$ cat input_15.txt   # compact mmCIF, C-alpha atoms
# COMPACT_ATOMS: atom_id res chain seq x y z
CA ASP A 1 17.29 13.96 -8.33
CA ASP A 2 15.10 15.67 -10.94
CA ASP A 3 16.14 13.06 -13.52
CA LEU A 4 14.93 10.11 -11.44
CA SER A 5 12.43 7.86 -13.20
CA GLY A 6 11.12 4.33 -12.97
CA ASP A 7 9.36 1.97 -15.33
CA ILE A 8 7.39 -1.24 -14.97
CA PHE A 9 8.43 -4.37 -16.86
CA VAL A 10 6.68 -7.66 -17.49
CA MET A 11 8.26 -10.93 -18.61
CA ASN A 12 7.58 -14.62 -18.94
CA VAL A 13 8.10 -16.78 -15.87
CA ASP A 14 11.35 -18.13 -17.35
CA GLY A 15 12.76 -14.61 -17.66
CA SER A 16 12.29 -14.32 -21.41
CA GLY A 17 10.24 -11.73 -23.27
CA ARG A 18 10.97 -8.90 -20.88
CA ARG A 19 9.45 -5.60 -21.97
CA ASN A 20 8.93 -2.12 -20.61
CA VAL A 21 5.17 -1.52 -20.44
CA THR A 22 5.12 2.02 -19.05
CA GLY A 23 8.01 3.80 -20.76
CA ASP A 24 7.20 7.12 -19.12
CA ALA A 25 9.58 9.77 -17.80
CA ALA A 26 7.71 9.69 -14.48
CA ILE A 27 8.34 7.38 -11.53
CA ASP A 28 6.10 4.31 -11.97
CA GLY A 29 6.07 1.72 -9.21
CA HIS A 30 4.40 -0.88 -6.99
CA PRO A 31 2.70 -2.88 -9.78
CA SER A 32 0.11 -5.58 -9.12
CA TRP A 33 -2.03 -7.64 -11.46
CA ILE A 34 -5.69 -6.86 -12.04
CA SER A 35 -6.13 -9.53 -14.70
CA ASP A 36 -4.00 -11.40 -17.23
CA ASP A 37 -3.79 -8.25 -19.37
CA GLU A 38 -4.18 -5.39 -16.90
CA ILE A 39 -2.03 -4.00 -14.08
CA LEU A 40 -2.45 -1.55 -11.22
CA PHE A 41 0.43 0.79 -10.36
CA ASP A 42 1.26 4.21 -8.92
CA SER A 43 2.96 7.00 -10.81
CA THR A 44 4.06 10.63 -10.64
CA ARG A 45 3.07 11.21 -14.29
CA ASP A 46 0.39 13.78 -13.42
CA ASP A 47 2.38 15.66 -10.79
CA ASP A 48 1.72 19.40 -11.01
CA GLY A 49 5.12 20.36 -9.64
CA GLU A 50 3.63 22.48 -6.84
CA SER A 51 4.63 20.20 -3.95
CA GLU A 52 8.12 19.58 -2.61
CA ILE A 53 7.45 15.85 -3.07
CA ALA A 54 6.13 14.61 -6.43
CA ASN A 55 2.49 13.54 -6.15
CA LYS A 56 1.71 9.87 -6.81
CA GLU A 57 -1.66 8.53 -7.98
CA LEU A 58 -3.01 5.07 -8.81
CA TYR A 59 -3.47 4.00 -12.43
CA SER A 60 -4.54 0.94 -14.34
CA MET A 61 -3.07 -0.12 -17.67
CA VAL A 62 -4.35 -2.54 -20.29
CA LEU A 63 -1.15 -4.17 -21.55
CA ALA A 64 -2.44 -5.10 -24.99
CA THR A 65 -3.28 -1.50 -25.89
CA GLY A 66 -1.22 0.55 -23.44
CA GLU A 67 -4.37 2.37 -22.36
CA VAL A 68 -3.83 4.06 -18.97
CA THR A 69 -6.66 5.15 -16.67
CA ARG A 70 -6.14 7.35 -13.63
CA LEU A 71 -8.03 5.95 -10.62
CA THR A 72 -7.30 8.37 -7.76
CA HIS A 73 -7.19 12.16 -7.45
CA TYR A 74 -5.55 13.52 -4.32
CA ASP A 75 -3.02 16.19 -3.31
CA ASP A 76 -0.55 13.74 -1.76
CA TRP A 77 0.56 10.16 -2.37
CA ASP A 78 -1.67 7.23 -3.30
CA THR A 79 0.60 4.15 -3.36
CA PHE A 80 0.94 0.42 -2.60
CA GLY A 81 -2.28 -0.48 -4.41
CA SER A 82 -3.59 -4.00 -4.92
CA VAL A 83 -6.77 -5.55 -6.27
CA SER A 84 -9.15 -7.70 -4.25
CA PRO A 85 -9.25 -11.43 -5.09
CA ASP A 86 -12.58 -11.01 -6.88
CA GLY A 87 -11.18 -8.11 -8.94
CA ARG A 88 -13.90 -5.70 -7.88
CA ARG A 89 -12.09 -3.45 -5.37
CA ILE A 90 -8.70 -1.90 -4.72
CA VAL A 91 -6.89 -1.17 -1.46
CA TRP A 92 -4.02 1.27 -1.08
CA ARG A 93 -2.08 3.59 1.21
CA ARG A 94 -2.90 7.29 1.03
CA VAL A 95 -0.56 9.88 2.52
CA THR A 96 -2.63 12.61 4.19
CA ARG A 97 -1.88 15.70 6.23
CA ASN A 98 -2.59 16.25 9.91
CA GLU A 99 -3.89 19.55 11.22
CA ASP A 100 -0.38 20.59 12.24
CA GLY A 101 0.86 20.09 8.67
CA SER A 102 2.71 16.83 9.34
CA ARG A 103 2.11 13.86 7.05
CA ASN A 104 0.14 10.77 7.96
CA ALA A 105 -0.73 7.55 6.12
CA GLU A 106 -4.21 6.03 5.91
CA ILE A 107 -5.54 2.86 4.29
CA PHE A 108 -8.36 3.21 1.76
CA VAL A 109 -10.58 0.76 -0.09
CA ALA A 110 -12.59 1.72 -3.17
CA ASP A 111 -14.35 0.25 -6.17
CA ARG A 112 -11.96 -0.93 -8.86
CA ASP A 113 -12.30 2.36 -10.76
CA GLY A 114 -11.39 4.39 -7.65
CA SER A 115 -14.94 5.47 -6.84
CA ASN A 116 -16.63 5.22 -3.42
CA PRO A 117 -13.44 5.33 -1.32
CA ILE A 118 -13.63 4.24 2.32
CA ASN A 119 -11.01 5.13 4.93
CA LEU A 120 -10.34 1.91 6.84
CA SER A 121 -7.85 3.25 9.39
CA ARG A 122 -8.77 6.82 10.41
CA HIS A 123 -5.74 7.41 12.66
CA THR A 124 -3.49 10.42 13.07
CA ALA A 125 -0.55 7.98 13.16
CA PHE A 126 1.10 5.82 10.51
CA ASP A 127 -0.91 3.06 8.80
CA ALA A 128 0.59 1.05 5.95
CA TYR A 129 1.14 -2.16 3.98
CA PRO A 130 -2.48 -3.25 3.34
CA ASN A 131 -2.96 -6.86 2.35
CA TRP A 132 -6.17 -8.56 1.18
CA SER A 133 -7.35 -11.78 2.79
CA PRO A 134 -7.76 -14.51 0.12
CA ASP A 135 -11.54 -14.46 0.56
CA GLY A 136 -11.57 -10.68 0.01
CA GLY A 137 -13.56 -10.01 3.17
CA LYS A 138 -10.79 -8.51 5.30
CA VAL A 139 -7.71 -6.34 5.03
CA ALA A 140 -4.63 -6.67 7.23
CA LEU A 141 -2.51 -3.59 7.77
CA LEU A 142 0.19 -2.22 10.03
CA GLY A 143 -0.85 0.58 12.35
CA PRO A 144 -2.01 1.78 15.78
CA HIS A 145 -4.97 0.43 17.68
CA ALA A 146 -6.16 1.29 21.20
CA GLY A 147 -2.83 2.79 22.17
CA ARG A 148 -0.78 -0.12 20.82
CA PHE A 149 0.93 -0.71 17.47
CA GLY A 150 0.94 -3.82 15.32
CA LEU A 151 -0.91 -5.91 12.77
CA VAL A 152 -4.53 -4.89 12.52
CA VAL A 153 -7.29 -6.78 10.71
CA THR A 154 -10.44 -4.96 9.63
CA ASN A 155 -13.45 -5.71 7.48
CA ALA A 156 -12.85 -4.66 3.88
CA SER A 157 -16.01 -2.56 4.07
CA GLY A 158 -14.82 -0.91 7.31
CA GLY A 159 -15.45 -1.70 10.96
CA ASN A 160 -14.65 -4.57 13.32
CA GLU A 161 -11.02 -3.50 13.63
CA THR A 162 -8.92 -5.91 15.70
CA LEU A 163 -5.27 -5.79 16.80
CA VAL A 164 -4.09 -9.34 16.11
CA ALA A 165 -0.36 -8.92 16.79
CA ASP A 166 1.11 -6.29 19.09
CA VAL A 167 4.61 -5.35 17.88
CA SER A 168 4.97 -2.20 19.98
CA GLY A 169 8.11 -3.55 21.66
CA THR A 170 9.94 -4.89 18.62
CA ASN A 171 13.05 -3.37 17.12
CA HIS A 172 11.84 -2.82 13.59
CA PRO A 173 8.06 -3.24 13.38
CA LEU A 174 7.57 -1.45 10.07
CA PRO A 175 9.38 -3.59 7.45
CA SER A 176 9.58 -6.79 9.45
CA SER A 177 6.00 -7.15 10.57
CA GLY A 178 4.04 -5.36 7.87
CA GLU A 179 5.34 -5.83 4.37
CA ARG A 180 5.96 -9.57 4.69
CA LEU A 181 2.74 -10.84 6.19
CA SER A 182 1.06 -13.75 4.44
CA TRP A 183 -2.53 -14.97 4.78
CA ALA A 184 -3.37 -18.65 4.92
CA PRO A 185 -5.29 -19.76 1.78
CA ASP A 186 -8.48 -20.17 3.82
CA SER A 187 -8.11 -16.67 5.38
CA SER A 188 -8.08 -18.19 8.88
CA SER A 189 -4.58 -17.16 9.98
CA ILE A 190 -1.65 -14.87 9.19
CA ALA A 191 2.09 -15.52 9.14
CA PHE A 192 4.45 -12.60 9.71
CA ILE A 193 8.01 -11.75 10.69
CA SER A 194 8.70 -9.79 13.88
CA SER A 195 12.18 -8.66 14.96
CA VAL A 196 11.96 -9.03 18.74
CA LYS A 197 14.19 -7.00 21.02
CA GLY A 198 16.63 -9.19 22.94
CA PRO A 199 18.49 -8.72 26.25
CA GLU A 200 21.66 -7.74 24.43
CA ASP A 201 19.87 -4.64 23.13
CA ASP A 202 19.19 -3.28 26.64
CA ASP A 203 21.58 -1.17 28.67
CA ALA A 204 23.67 -3.38 30.98
CA THR A 205 23.28 -1.99 34.48
CA GLY A 206 23.51 -5.15 36.67
CA ASP A 207 26.47 -6.75 38.47
$ encode --input "input_15.txt" --output "structure tokens"
Amino acid sequence: DDDLSGDIFVMNVDGSGRRNVTGDAAIDGHPSWISDDEILFDSTRDDDGESEIANKELYSMVLATGEVTRLTHYDDWDTFGSVSPDGRRIVWRRVTRNEDGSRNAEIFVADRDGSNPINLSRHTAFDAYPNWSPDGGKVALLGPHAGRFGLVVTNASGGNETLVADVSGTNHPLPSSGERLSWAPDSSSIAFISSVKGPEDDDATGD
């Protein structure tokens, strides 16, 4: 739908004072707080119209002034951004292209202004749903590792990648095990939901 758009709203915790802070004809989404007066979000507002899918980039906005700053510059999607607990870095999902032309998703970390990006995942398969540890030292994500698929934890600066939960055999590993993970406040453990395949899901071939 060429008329599709989306805006970001903020409101008080009691539901009052709701206001549209983007008010753009583009699709704005996936907001997260940078500070009490600044948000991070993705948007199609600078799409050049040359791709079959509208290009999304990451932006920051100062709510008091409405000032918007573009943080990423890439041919495909930059989405699902969030700011590190110390406010100095951002993590996000970047949709890339494989050599055969198919799309892939990688996880990137960069300085808060989008500079010095680091590819944390570097896989030809799907990686998604990055989530900062509370101490800011690690990032959890959903993706492949050593031939398996599941929750992966890596250093926020790259390296020391570890598969901490193998969900290769679950029914719905993407939404169930990735988007809803939650770090313990001391960054020592992770809670997540996994939809495990049961016997009733297998073909019944016995007596």
$ atom_distance --input "input_15.txt" --atom1 "atom CA of Glu161 of chain A" --atom2 "atom CA of Arg112 of chain A"
22.7 Å
$ residues_around --input "input_15.txt" --residues "segment 102-104 of chain A" --least-positions-apart "4" --cutoff "8 Å" --atoms "all atoms listed in the file" --output "VMD selection string"
chain A and resid 95 to 98 124 to 127
$ atom_distance --input "input_15.txt" --atom1 "atom CA of Val153 of chain A" --atom2 "atom CA of Ala140 of chain A"
4.4 Å
$ residues_around --input "input_15.txt" --residues "Ala26 of chain A" --least-positions-apart "5" --cutoff "10 Å" --atoms "all atoms listed in the file" --output "NGL selection string"
:A and (3-7 or 43-47 or 54 or 56)
$ atom_distance --input "input_15.txt" --atom1 "atom CA of Asp111 of chain A" --atom2 "atom CA of Ser133 of chain A"
16.6 Å
